[in-house]
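First the structure, in the form of structure tokens, and then the observations on it.
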Amino acid sequence: MTVPDSEKRQAWQERYRNGYFLAPMVRVGTLPMRLLSLHYGADLVWTCEIIDKSIANCLRTVNDQTGVISYSKDGREIFTTHKDEKSRVVFQMGSASPETALEAARTIESDVAGIDLNCGCPMKFSVQGGMGAALMEDPDRLCAILEALVQNVSVPVTCKIRVFDDEEKTIELARRIAATGISALTVHCRTRYMRPREKAMWHRLNRIVDELSPLPVILNGDICHFDDVQKARESTGATSVMTARGAIANPSIFRKECVSVLEATVEFVKTAMRVSNSYANTKYTVLLMYTDTKAPEYKVLQASKCYEAMCGALGITEFYHTEGKLCMTDRNDPMRVKQNGALGKRSAVKNEASVDVQPESDAAETPTKRAKA
């Protein structure tokens with residue numbers, strides 16, 4: 001047992017004060033998006049939610065060429081990270097078991113800055129497994145998981161929830177969660193059943209902030225522009241804020257003067273290739289970044305089938321040939337698969353087959369729905 005002393009706990013809490021963070025996002029919060037967000041000024045970045053059973057006892061390997069640290073199981077890549085984000089990446093975990101959560105946390109704690117328990121995801125797969133938003137209705141289990149983590153891991157533990165329709169029920173849950181010894185609480189200011197198009201209820205955060213002080217409370221929901229950061233802090237008292245959809249629209253949202261979507265897209269693709277991100281996931285994210293689906297670049301990017309074509313559409317063909325393709329593998333670049341014949345095809349099939357159990361890589365090349373905040 002490694003229960004942090006009060007001095008260490010206070011130091012950990014400071015990491016979550018006065019910050020502007022990248023929120024966890026399904027399919028989008030992969031390594032290239034996290035690294036690019038840090039480049040543009042994010043203070044901390046959250047990973048996609050990864051299920052505890054998937055990450056527990058994974059094999060850790062390091063790619064000396066790219067610097068990418070991979071956690072794999074049965075030949076499938078479950079999670080990737082990089083030394084450049086080690087001090088600022090928070091690993092978000094989905095769990096319904098204290099024992100499995102701890103096993104998973106111990107697997108990756110040496111490569112991350114913190115561990116976050118997802119208690120707000122309303123997605124069917126998560127709720128049916130007793131994870132995500134289902135934990136809010138099972139506070140005993142929720143707090144047992146947090147206590148197991150807080151008392152036994154060497155990095156700060158945090159938690160992300162939504163609000164109930166009943167304000168008193170929300171306050172009671174927040175108090176119980178805070179009592180476990182977590183270092184910060186993130187509140188998505190929507191209920192489990194609210195959709196992103198419905199306005200986030202920032203006013204519901206004020207009382208939570210007051211009740212839990214001095215514990216850092218992070219606001220999530222409707223941070224779509226840089227100016228929203230100060231507005232949210234002033235109106236709610238939130239210690240910090242995090243953004244999801246704002247970063248999808250333009251990862252440079254973390255700086256006062258954003259770069260153009262085209263420039264951000266170019267940097268995203270370059271970053272993705274440098275860390276050998278799967279082409280399918282890169283294309284999925286790039287198309288989400290273009291809210292103007294009538295833009296000339298969007299049409300060309302949508303039609304692209306490989307990294308070489310994507311780089312050509314963005315005017316960075318030279319980068320592809322001089323640097324980008326040197327970092328790619330057969331599994332993650334269809335063009336290399338085509339060039340390398342049957343061996344590459346077998347690798348590609350293996351990668352496609354692993355999509356459903358591989359949160360850090362993704363299948364859909366063309367997004368059919370906009371990512372959720």
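Here's how to read the names in the structure tokens: chain A, B, ... by the order shown, residue numbers from 1 in each chain, ligand numbers from 1 in the order shown.
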Check: What's the 10 Å shell around Tyr290 (chain A), counting only C-alpha atoms, without same-chain residues fewer than 3 positions away, as a list in words?
Finding: Ile248, Ala249, Asn250, Val261, Leu262, Thr265, Thr285, Val286, Leu287, Thr293, Lys294, Ala295, Glu297 and Tyr298 of chain A
Would you output that residue set with C-alpha atoms, as an mmCIF file, in the first residue's frame?
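again_28.cif was written with the following content:
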```cif
data_model
loop_
_atom_site.group_PDB
_atom_site.id
_atom_site.type_symbol
_atom_site.label_atom_id
_atom_site.label_comp_id
_atom_site.auth_asym_id
_atom_site.auth_seq_id
_atom_site.Cartn_x
_atom_site.Cartn_y
_atom_site.Cartn_z
ATOM 1 C CA ILE A 248 -11.411 18.498 -32.647
ATOM 2 C CA ALA A 249 -12.368 21.630 -34.557
ATOM 3 C CA ASN A 250 -8.854 23.014 -34.098
ATOM 4 C CA VAL A 261 -7.615 24.436 -39.708
ATOM 5 C CA LEU A 262 -5.422 23.601 -42.697
ATOM 6 C CA THR A 265 -4.366 19.447 -40.058
ATOM 7 C CA THR A 285 -9.752 12.414 -37.026
ATOM 8 C CA VAL A 286 -8.761 14.647 -39.949
ATOM 9 C CA LEU A 287 -12.262 14.478 -41.417
ATOM 10 C CA THR A 293 -17.432 19.531 -45.458
ATOM 11 C CA LYS A 294 -17.620 21.562 -48.661
ATOM 12 C CA ALA A 295 -14.024 22.764 -48.350
ATOM 13 C CA GLU A 297 -9.391 19.939 -49.043
ATOM 14 C CA TYR A 298 -12.135 17.908 -47.369
#
```
Note to self: Restricting the calculation to only C-alpha atoms: of A:Arg88, A:His82, A:Arg76, A:Thr47, which residue gets closest to Arg15 (chain A)?
What the structure shows: A:Arg88
Check: With only C-alpha atoms as the atoms that count, which of A:Ala238, A:Ser95, A:Val157, A:Glu147 lies nearest to Gly130 (chain A)?
Finding: A:Ser95
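With only C-alpha atoms as the basis for measurement, A:Ser154 is the residue among A:Ser6, A:Ser260, A:Gln128, A:Ser154 that approaches Ile115 (chain A) most closely.
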Can you tell me, as a PDB file with all heavy atoms, in the first residue's frame, what residues are no more than 8 Å from region 202-217 of chain A when counting only C-alpha atoms, ignoring any on the same chain fewer than 6 positions away?
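Ended up saving to result-v1.pdb:
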```
ATOM      1  N   GLN A  13      -2.408  17.753  -6.270  1.00  0.00           N
ATOM      2  CA  GLN A  13      -3.569  18.602  -6.562  1.00  0.00           C
ATOM      3  C   GLN A  13      -3.171  19.838  -7.358  1.00  0.00           C
ATOM      4  O   GLN A  13      -3.934  20.307  -8.215  1.00  0.00           O
ATOM      5  CB  GLN A  13      -4.268  19.011  -5.268  1.00  0.00           C
ATOM      6  CG  GLN A  13      -5.011  17.879  -4.584  1.00  0.00           C
ATOM      7  CD  GLN A  13      -5.766  18.338  -3.345  1.00  0.00           C
ATOM      8  OE1 GLN A  13      -5.772  19.529  -3.003  1.00  0.00           O
ATOM      9  NE2 GLN A  13      -6.398  17.406  -2.659  1.00  0.00           N
ATOM     10  N   TYR A  16      -3.523  20.041 -11.152  1.00  0.00           N
ATOM     11  CA  TYR A  16      -4.839  20.190 -11.753  1.00  0.00           C
ATOM     12  C   TYR A  16      -5.439  21.578 -11.546  1.00  0.00           C
ATOM     13  O   TYR A  16      -6.608  21.801 -11.849  1.00  0.00           O
ATOM     14  CB  TYR A  16      -5.783  19.117 -11.185  1.00  0.00           C
ATOM     15  CG  TYR A  16      -5.303  17.716 -11.467  1.00  0.00           C
ATOM     16  CD1 TYR A  16      -4.517  17.020 -10.533  1.00  0.00           C
ATOM     17  CD2 TYR A  16      -5.593  17.090 -12.672  1.00  0.00           C
ATOM     18  CE1 TYR A  16      -4.055  15.740 -10.793  1.00  0.00           C
ATOM     19  CE2 TYR A  16      -5.133  15.806 -12.950  1.00  0.00           C
ATOM     20  CZ  TYR A  16      -4.366  15.137 -12.010  1.00  0.00           C
ATOM     21  OH  TYR A  16      -3.897  13.864 -12.273  1.00  0.00           O
ATOM     22  N   ARG A  17      -4.628  22.520 -11.075  1.00  0.00           N
ATOM     23  CA  ARG A  17      -5.115  23.885 -10.876  1.00  0.00           C
ATOM     24  C   ARG A  17      -4.705  24.781 -12.045  1.00  0.00           C
ATOM     25  O   ARG A  17      -3.631  24.624 -12.621  1.00  0.00           O
ATOM     26  CB  ARG A  17      -4.561  24.472  -9.571  1.00  0.00           C
ATOM     27  CG  ARG A  17      -4.998  23.729  -8.319  1.00  0.00           C
ATOM     28  CD  ARG A  17      -4.609  24.494  -7.053  1.00  0.00           C
ATOM     29  NE  ARG A  17      -4.756  23.646  -5.868  1.00  0.00           N
ATOM     30  CZ  ARG A  17      -5.918  23.401  -5.280  1.00  0.00           C
ATOM     31  NH1 ARG A  17      -7.021  23.957  -5.755  1.00  0.00           N
ATOM     32  NH2 ARG A  17      -5.985  22.629  -4.211  1.00  0.00           N
ATOM     33  N   VAL A 163     -23.594  15.085 -14.118  1.00  0.00           N
ATOM     34  CA  VAL A 163     -24.493  15.502 -13.043  1.00  0.00           C
ATOM     35  C   VAL A 163     -25.797  14.724 -13.150  1.00  0.00           C
ATOM     36  O   VAL A 163     -26.180  14.273 -14.229  1.00  0.00           O
ATOM     37  CB  VAL A 163     -24.784  17.018 -13.087  1.00  0.00           C
ATOM     38  CG1 VAL A 163     -23.510  17.817 -12.856  1.00  0.00           C
ATOM     39  CG2 VAL A 163     -25.433  17.425 -14.413  1.00  0.00           C
ATOM     40  N   GLU A 167     -29.979  17.818  -7.991  1.00  0.00           N
ATOM     41  CA  GLU A 167     -28.743  18.471  -7.568  1.00  0.00           C
ATOM     42  C   GLU A 167     -28.207  17.902  -6.257  1.00  0.00           C
ATOM     43  O   GLU A 167     -26.994  17.732  -6.086  1.00  0.00           O
ATOM     44  CB  GLU A 167     -28.962  19.978  -7.425  1.00  0.00           C
ATOM     45  CG  GLU A 167     -27.673  20.728  -7.095  1.00  0.00           C
ATOM     46  CD  GLU A 167     -27.826  22.232  -7.157  1.00  0.00           C
ATOM     47  OE1 GLU A 167     -28.980  22.717  -7.213  1.00  0.00           O
ATOM     48  OE2 GLU A 167     -26.790  22.926  -7.156  1.00  0.00           O
ATOM     49  N   ILE A 171     -24.453  16.368  -5.412  1.00  0.00           N
ATOM     50  CA  ILE A 171     -23.582  16.854  -4.338  1.00  0.00           C
ATOM     51  C   ILE A 171     -23.170  15.710  -3.426  1.00  0.00           C
ATOM     52  O   ILE A 171     -21.994  15.588  -3.032  1.00  0.00           O
ATOM     53  CB  ILE A 171     -24.282  17.963  -3.528  1.00  0.00           C
ATOM     54  CG1 ILE A 171     -24.531  19.199  -4.406  1.00  0.00           C
ATOM     55  CG2 ILE A 171     -23.454  18.332  -2.306  1.00  0.00           C
ATOM     56  CD1 ILE A 171     -23.281  19.857  -4.924  1.00  0.00           C
ATOM     57  N   ALA A 174     -20.562  13.623  -5.166  1.00  0.00           N
ATOM     58  CA  ALA A 174     -19.289  14.344  -5.239  1.00  0.00           C
ATOM     59  C   ALA A 174     -18.565  14.307  -3.901  1.00  0.00           C
ATOM     60  O   ALA A 174     -17.337  14.139  -3.850  1.00  0.00           O
ATOM     61  CB  ALA A 174     -19.533  15.782  -5.671  1.00  0.00           C
ATOM     62  N   ARG A 175     -19.298  14.442  -2.808  1.00  0.00           N
ATOM     63  CA  ARG A 175     -18.680  14.386  -1.474  1.00  0.00           C
ATOM     64  C   ARG A 175     -18.052  13.017  -1.227  1.00  0.00           C
ATOM     65  O   ARG A 175     -16.938  12.907  -0.708  1.00  0.00           O
ATOM     66  CB  ARG A 175     -19.728  14.677  -0.408  1.00  0.00           C
ATOM     67  CG  ARG A 175     -20.176  16.122  -0.307  1.00  0.00           C
ATOM     68  CD  ARG A 175     -21.239  16.230   0.760  1.00  0.00           C
ATOM     69  NE  ARG A 175     -21.796  17.563   0.892  1.00  0.00           N
ATOM     70  CZ  ARG A 175     -23.062  17.813   1.183  1.00  0.00           C
ATOM     71  NH1 ARG A 175     -23.919  16.806   1.356  1.00  0.00           N
ATOM     72  NH2 ARG A 175     -23.487  19.055   1.310  1.00  0.00           N
ATOM     73  N   ALA A 178     -14.883  12.621  -3.308  1.00  0.00           N
ATOM     74  CA  ALA A 178     -13.786  13.427  -2.767  1.00  0.00           C
ATOM     75  C   ALA A 178     -13.170  12.768  -1.542  1.00  0.00           C
ATOM     76  O   ALA A 178     -11.958  12.852  -1.312  1.00  0.00           O
ATOM     77  CB  ALA A 178     -14.285  14.826  -2.432  1.00  0.00           C
ATOM     78  N   SER A 183      -7.224  13.322  -6.381  1.00  0.00           N
ATOM     79  CA  SER A 183      -6.492  14.583  -6.510  1.00  0.00           C
ATOM     80  C   SER A 183      -7.281  15.656  -7.249  1.00  0.00           C
ATOM     81  O   SER A 183      -6.920  16.840  -7.179  1.00  0.00           O
ATOM     82  CB  SER A 183      -5.162  14.346  -7.237  1.00  0.00           C
ATOM     83  OG  SER A 183      -4.317  13.512  -6.454  1.00  0.00           O
ATOM     84  N   ALA A 184      -8.336  15.273  -7.956  1.00  0.00           N
ATOM     85  CA  ALA A 184      -9.183  16.239  -8.659  1.00  0.00           C
ATOM     86  C   ALA A 184     -10.439  15.524  -9.140  1.00  0.00           C
ATOM     87  O   ALA A 184     -10.443  14.298  -9.321  1.00  0.00           O
ATOM     88  CB  ALA A 184      -8.452  16.873  -9.847  1.00  0.00           C
ATOM     89  N   LEU A 185     -11.496  16.315  -9.348  1.00  0.00           N
ATOM     90  CA  LEU A 185     -12.743  15.787  -9.879  1.00  0.00           C
ATOM     91  C   LEU A 185     -13.130  16.586 -11.116  1.00  0.00           C
ATOM     92  O   LEU A 185     -13.184  17.814 -11.074  1.00  0.00           O
ATOM     93  CB  LEU A 185     -13.868  15.883  -8.852  1.00  0.00           C
ATOM     94  CG  LEU A 185     -15.269  15.483  -9.345  1.00  0.00           C
ATOM     95  CD1 LEU A 185     -15.320  13.973  -9.635  1.00  0.00           C
ATOM     96  CD2 LEU A 185     -16.335  15.866  -8.318  1.00  0.00           C
ATOM     97  N   THR A 186     -13.394  15.885 -12.223  1.00  0.00           N
ATOM     98  CA  THR A 186     -13.897  16.540 -13.426  1.00  0.00           C
ATOM     99  C   THR A 186     -15.401  16.321 -13.500  1.00  0.00           C
ATOM    100  O   THR A 186     -15.881  15.198 -13.288  1.00  0.00           O
ATOM    101  CB  THR A 186     -13.243  15.965 -14.699  1.00  0.00           C
ATOM    102  OG1 THR A 186     -11.840  16.180 -14.647  1.00  0.00           O
ATOM    103  CG2 THR A 186     -13.813  16.641 -15.942  1.00  0.00           C
ATOM    104  N   VAL A 187     -16.127  17.388 -13.809  1.00  0.00           N
ATOM    105  CA  VAL A 187     -17.579  17.298 -13.933  1.00  0.00           C
ATOM    106  C   VAL A 187     -17.998  17.729 -15.338  1.00  0.00           C
ATOM    107  O   VAL A 187     -17.776  18.877 -15.721  1.00  0.00           O
ATOM    108  CB  VAL A 187     -18.298  18.179 -12.897  1.00  0.00           C
ATOM    109  CG1 VAL A 187     -19.815  18.045 -13.057  1.00  0.00           C
ATOM    110  CG2 VAL A 187     -17.875  17.813 -11.478  1.00  0.00           C
ATOM    111  N   CYS A 189     -20.794  18.910 -17.324  1.00  0.00           N
ATOM    112  CA  CYS A 189     -22.008  19.586 -16.858  1.00  0.00           C
ATOM    113  C   CYS A 189     -23.243  19.261 -17.691  1.00  0.00           C
ATOM    114  O   CYS A 189     -24.015  20.143 -18.099  1.00  0.00           O
ATOM    115  CB  CYS A 189     -21.770  21.099 -16.817  1.00  0.00           C
ATOM    116  SG  CYS A 189     -20.480  21.583 -15.665  1.00  0.00           S
ATOM    117  N   ALA A 232     -15.776  30.453 -18.157  1.00  0.00           N
ATOM    118  CA  ALA A 232     -16.170  29.308 -17.340  1.00  0.00           C
ATOM    119  C   ALA A 232     -15.629  29.435 -15.920  1.00  0.00           C
ATOM    120  O   ALA A 232     -16.336  29.175 -14.941  1.00  0.00           O
ATOM    121  CB  ALA A 232     -15.668  28.018 -17.978  1.00  0.00           C
ATOM    122  N   SER A 235     -17.570  32.258 -14.022  1.00  0.00           N
ATOM    123  CA  SER A 235     -18.982  32.005 -13.717  1.00  0.00           C
ATOM    124  C   SER A 235     -19.213  30.811 -12.811  1.00  0.00           C
ATOM    125  O   SER A 235     -20.268  30.707 -12.176  1.00  0.00           O
ATOM    126  CB  SER A 235     -19.767  31.805 -15.021  1.00  0.00           C
ATOM    127  OG  SER A 235     -19.325  30.645 -15.696  1.00  0.00           O
ATOM    128  N   THR A 236     -18.228  29.899 -12.722  1.00  0.00           N
ATOM    129  CA  THR A 236     -18.432  28.684 -11.925  1.00  0.00           C
ATOM    130  C   THR A 236     -17.460  28.516 -10.764  1.00  0.00           C
ATOM    131  O   THR A 236     -17.727  27.744  -9.844  1.00  0.00           O
ATOM    132  CB  THR A 236     -18.300  27.428 -12.806  1.00  0.00           C
ATOM    133  OG1 THR A 236     -16.935  27.299 -13.246  1.00  0.00           O
ATOM    134  CG2 THR A 236     -19.218  27.505 -14.019  1.00  0.00           C
ATOM    135  N   GLY A 237     -16.313  29.198 -10.834  1.00  0.00           N
ATOM    136  CA  GLY A 237     -15.286  28.986  -9.822  1.00  0.00           C
ATOM    137  C   GLY A 237     -14.441  27.758 -10.093  1.00  0.00           C
ATOM    138  O   GLY A 237     -13.632  27.344  -9.252  1.00  0.00           O
ATOM    139  N   ALA A 238     -14.621  27.158 -11.280  1.00  0.00           N
ATOM    140  CA  ALA A 238     -13.871  25.947 -11.614  1.00  0.00           C
ATOM    141  C   ALA A 238     -12.365  26.195 -11.522  1.00  0.00           C
ATOM    142  O   ALA A 238     -11.871  27.249 -11.904  1.00  0.00           O
ATOM    143  CB  ALA A 238     -14.223  25.480 -13.025  1.00  0.00           C
ATOM    144  N   THR A 239     -11.655  25.199 -11.022  1.00  0.00           N
ATOM    145  CA  THR A 239     -10.205  25.298 -10.913  1.00  0.00           C
ATOM    146  C   THR A 239      -9.549  25.291 -12.292  1.00  0.00           C
ATOM    147  O   THR A 239      -8.604  26.024 -12.551  1.00  0.00           O
ATOM    148  CB  THR A 239      -9.665  24.108 -10.097  1.00  0.00           C
ATOM    149  OG1 THR A 239     -10.445  23.956  -8.921  1.00  0.00           O
ATOM    150  CG2 THR A 239      -8.218  24.312  -9.723  1.00  0.00           C
ATOM    151  N   SER A 240     -10.058  24.431 -13.163  1.00  0.00           N
ATOM    152  CA  SER A 240      -9.525  24.264 -14.511  1.00  0.00           C
ATOM    153  C   SER A 240     -10.665  23.890 -15.438  1.00  0.00           C
ATOM    154  O   SER A 240     -11.794  23.635 -14.991  1.00  0.00           O
ATOM    155  CB  SER A 240      -8.443  23.180 -14.539  1.00  0.00           C
ATOM    156  OG  SER A 240      -7.349  23.514 -13.713  1.00  0.00           O
TER     157      SER A 240
END
```
Item checked: Test item: residues at most 12 Å from region 119-125 of chain A, only C-alpha atoms, excluding those fewer than 6 positions along its chain, as a ChimeraX atom specification -> /A:24-26,48-51,92-96,131-139,141-143,145-146,158-164,173-174,177,185-196,220,356-357,372-373
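Shortest atom-to-atom contact with Ser276 (chain A) among A:Asp140, A:Glu323, A:Glu7, A:Asp227: A:Glu323, counting only C-alpha atoms.
The coordinates place CA of Asn63 (chain A) at 20.6 Å from CA of Ala280 (chain A).
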Next item on the list: Considering only C-alpha atoms, state which residue in the set A:Arg245, A:Arg274, A:Lys256, A:Arg176 is at the smallest distance from Leu22 (chain A).
Entry: A:Arg245
Check: Could you work out how far CA of Pro251 (chain A) lies from CA of Glu198 (chain A), giving the answer in Å with one decimal?
Finding: 22.6 Å
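Proximity ranking of A:Lys231, A:His321, A:Arg34, A:Lys53 relative to Glu103 (chain A) places A:Lys53 first, based on only C-alpha atoms.
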Margin query: Show me, as a PyMOL selection string, the residues that have an atom within 12 Å of Asp43 (chain A) when counting only C-alpha atoms, minus same-chain residues fewer than 3 positions from it.
Written below: chain A and resi 14-23+34-40+46+85+87-90+113+240-243+254-255
Notebook entry, point to check: Please, what distance in Å, to one decimal, runs between CA of Gly67 (chain A) and CA of Val275 (chain A)?
Noted result: 7.6 Å
Next item on the list: Could you tell me, as a ChimeraX atom specification, which residues of region 45-263 of chain A DSSP assigns to helix (DSSP H, G or I) when given the backbone?
Entry: /A:52-55,83-85,98-111,124-128,132-137,139-150,167-178,202-212,226-236,245-249,251-254,261-263
Store the residues picked out above in a file with C-alpha atoms, as a PDB file, in the first residue's frame.
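Result written to again24.pdb:
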```pdb
ATOM      1  CA  ASP A  52      -9.031  -2.225 -17.479  1.00  0.00           C
ATOM      2  CA  LYS A  53      -9.200  -5.822 -18.724  1.00  0.00           C
ATOM      3  CA  SER A  54      -7.664  -4.756 -22.034  1.00  0.00           C
ATOM      4  CA  ILE A  55      -4.612  -3.061 -20.538  1.00  0.00           C
ATOM      5  CA  LYS A  83       8.206  10.015 -23.478  1.00  0.00           C
ATOM      6  CA  ASP A  84       7.318  13.544 -24.609  1.00  0.00           C
ATOM      7  CA  GLU A  85       3.921  13.284 -22.888  1.00  0.00           C
ATOM      8  CA  PRO A  98     -11.354  -2.579  -7.856  1.00  0.00           C
ATOM      9  CA  GLU A  99      -9.081  -5.575  -8.381  1.00  0.00           C
ATOM     10  CA  THR A 100      -8.946  -5.351 -12.171  1.00  0.00           C
ATOM     11  CA  ALA A 101      -8.607  -1.564 -12.075  1.00  0.00           C
ATOM     12  CA  LEU A 102      -5.584  -1.863  -9.817  1.00  0.00           C
ATOM     13  CA  GLU A 103      -4.036  -4.551 -11.997  1.00  0.00           C
ATOM     14  CA  ALA A 104      -4.447  -2.295 -15.029  1.00  0.00           C
ATOM     15  CA  ALA A 105      -3.101   0.774 -13.230  1.00  0.00           C
ATOM     16  CA  ARG A 106       0.016  -1.039 -12.100  1.00  0.00           C
ATOM     17  CA  THR A 107       0.650  -2.093 -15.693  1.00  0.00           C
ATOM     18  CA  ILE A 108       0.967   1.466 -17.026  1.00  0.00           C
ATOM     19  CA  GLU A 109       1.612   3.763 -14.050  1.00  0.00           C
ATOM     20  CA  SER A 110       5.321   4.174 -14.816  1.00  0.00           C
ATOM     21  CA  ASP A 111       4.520   5.800 -18.188  1.00  0.00           C
ATOM     22  CA  LYS A 124     -24.131   1.388 -24.205  1.00  0.00           C
ATOM     23  CA  PHE A 125     -21.034  -0.831 -24.179  1.00  0.00           C
ATOM     24  CA  SER A 126     -19.709   0.961 -21.115  1.00  0.00           C
ATOM     25  CA  VAL A 127     -22.931   1.145 -19.114  1.00  0.00           C
ATOM     26  CA  GLN A 128     -23.889  -2.482 -19.787  1.00  0.00           C
ATOM     27  CA  GLY A 132     -18.926   4.682 -17.054  1.00  0.00           C
ATOM     28  CA  ALA A 133     -22.159   6.412 -16.070  1.00  0.00           C
ATOM     29  CA  ALA A 134     -23.426   3.162 -14.510  1.00  0.00           C
ATOM     30  CA  LEU A 135     -20.956   3.705 -11.660  1.00  0.00           C
ATOM     31  CA  MET A 136     -22.766   6.896 -10.663  1.00  0.00           C
ATOM     32  CA  GLU A 137     -25.741   4.725  -9.729  1.00  0.00           C
ATOM     33  CA  PRO A 139     -21.465   4.701  -5.516  1.00  0.00           C
ATOM     34  CA  ASP A 140     -20.195   1.899  -3.273  1.00  0.00           C
ATOM     35  CA  ARG A 141     -18.500   0.189  -6.211  1.00  0.00           C
ATOM     36  CA  LEU A 142     -17.305   3.518  -7.630  1.00  0.00           C
ATOM     37  CA  CYS A 143     -15.662   4.552  -4.363  1.00  0.00           C
ATOM     38  CA  ALA A 144     -14.170   1.086  -3.827  1.00  0.00           C
ATOM     39  CA  ILE A 145     -12.389   1.349  -7.190  1.00  0.00           C
ATOM     40  CA  LEU A 146     -11.087   4.828  -6.387  1.00  0.00           C
ATOM     41  CA  GLU A 147      -9.873   3.790  -2.943  1.00  0.00           C
ATOM     42  CA  ALA A 148      -8.031   0.781  -4.388  1.00  0.00           C
ATOM     43  CA  LEU A 149      -6.260   3.068  -6.841  1.00  0.00           C
ATOM     44  CA  VAL A 150      -5.538   5.955  -4.458  1.00  0.00           C
ATOM     45  CA  GLU A 167     -28.743  18.471  -7.568  1.00  0.00           C
ATOM     46  CA  GLU A 168     -28.644  17.073  -4.023  1.00  0.00           C
ATOM     47  CA  LYS A 169     -27.887  13.602  -5.364  1.00  0.00           C
ATOM     48  CA  THR A 170     -25.005  15.069  -7.386  1.00  0.00           C
ATOM     49  CA  ILE A 171     -23.582  16.854  -4.338  1.00  0.00           C
ATOM     50  CA  GLU A 172     -23.807  13.726  -2.195  1.00  0.00           C
ATOM     51  CA  LEU A 173     -21.965  11.668  -4.802  1.00  0.00           C
ATOM     52  CA  ALA A 174     -19.289  14.344  -5.239  1.00  0.00           C
ATOM     53  CA  ARG A 175     -18.680  14.386  -1.474  1.00  0.00           C
ATOM     54  CA  ARG A 176     -18.280  10.613  -1.340  1.00  0.00           C
ATOM     55  CA  ILE A 177     -15.889  10.641  -4.293  1.00  0.00           C
ATOM     56  CA  ALA A 178     -13.786  13.427  -2.767  1.00  0.00           C
ATOM     57  CA  TRP A 202     -22.350  25.379 -16.049  1.00  0.00           C
ATOM     58  CA  HIS A 203     -24.447  26.754 -13.187  1.00  0.00           C
ATOM     59  CA  ARG A 204     -24.580  23.284 -11.651  1.00  0.00           C
ATOM     60  CA  LEU A 205     -20.845  23.449 -10.951  1.00  0.00           C
ATOM     61  CA  ASN A 206     -20.792  26.372  -8.518  1.00  0.00           C
ATOM     62  CA  ARG A 207     -22.060  24.448  -5.537  1.00  0.00           C
ATOM     63  CA  ILE A 208     -19.851  21.449  -6.257  1.00  0.00           C
ATOM     64  CA  VAL A 209     -16.802  23.729  -6.268  1.00  0.00           C
ATOM     65  CA  ASP A 210     -17.839  25.255  -2.941  1.00  0.00           C
ATOM     66  CA  GLU A 211     -18.623  21.908  -1.311  1.00  0.00           C
ATOM     67  CA  LEU A 212     -15.343  20.241  -2.328  1.00  0.00           C
ATOM     68  CA  PHE A 226     -10.201  30.049 -26.057  1.00  0.00           C
ATOM     69  CA  ASP A 227     -12.283  32.867 -24.512  1.00  0.00           C
ATOM     70  CA  ASP A 228     -14.636  30.283 -22.982  1.00  0.00           C
ATOM     71  CA  VAL A 229     -11.910  29.292 -20.537  1.00  0.00           C
ATOM     72  CA  GLN A 230     -12.008  32.524 -18.550  1.00  0.00           C
ATOM     73  CA  LYS A 231     -15.783  32.779 -18.825  1.00  0.00           C
ATOM     74  CA  ALA A 232     -16.170  29.308 -17.340  1.00  0.00           C
ATOM     75  CA  ARG A 233     -13.799  29.989 -14.473  1.00  0.00           C
ATOM     76  CA  GLU A 234     -15.410  33.293 -13.601  1.00  0.00           C
ATOM     77  CA  SER A 235     -18.982  32.005 -13.717  1.00  0.00           C
ATOM     78  CA  THR A 236     -18.432  28.684 -11.925  1.00  0.00           C
ATOM     79  CA  ARG A 245     -15.136  19.321 -29.456  1.00  0.00           C
ATOM     80  CA  GLY A 246     -13.139  22.543 -29.402  1.00  0.00           C
ATOM     81  CA  ALA A 247      -9.913  20.601 -29.862  1.00  0.00           C
ATOM     82  CA  ILE A 248     -11.411  18.498 -32.647  1.00  0.00           C
ATOM     83  CA  ALA A 249     -12.368  21.630 -34.557  1.00  0.00           C
ATOM     84  CA  PRO A 251      -6.193  21.539 -31.791  1.00  0.00           C
ATOM     85  CA  SER A 252      -4.597  24.989 -31.473  1.00  0.00           C
ATOM     86  CA  ILE A 253      -7.577  26.075 -29.332  1.00  0.00           C
ATOM     87  CA  PHE A 254      -5.172  25.936 -26.402  1.00  0.00           C
ATOM     88  CA  VAL A 261      -7.615  24.436 -39.708  1.00  0.00           C
ATOM     89  CA  LEU A 262      -5.422  23.601 -42.697  1.00  0.00           C
ATOM     90  CA  GLU A 263      -2.220  24.336 -40.773  1.00  0.00           C
TER      91      GLU A 263
END
```
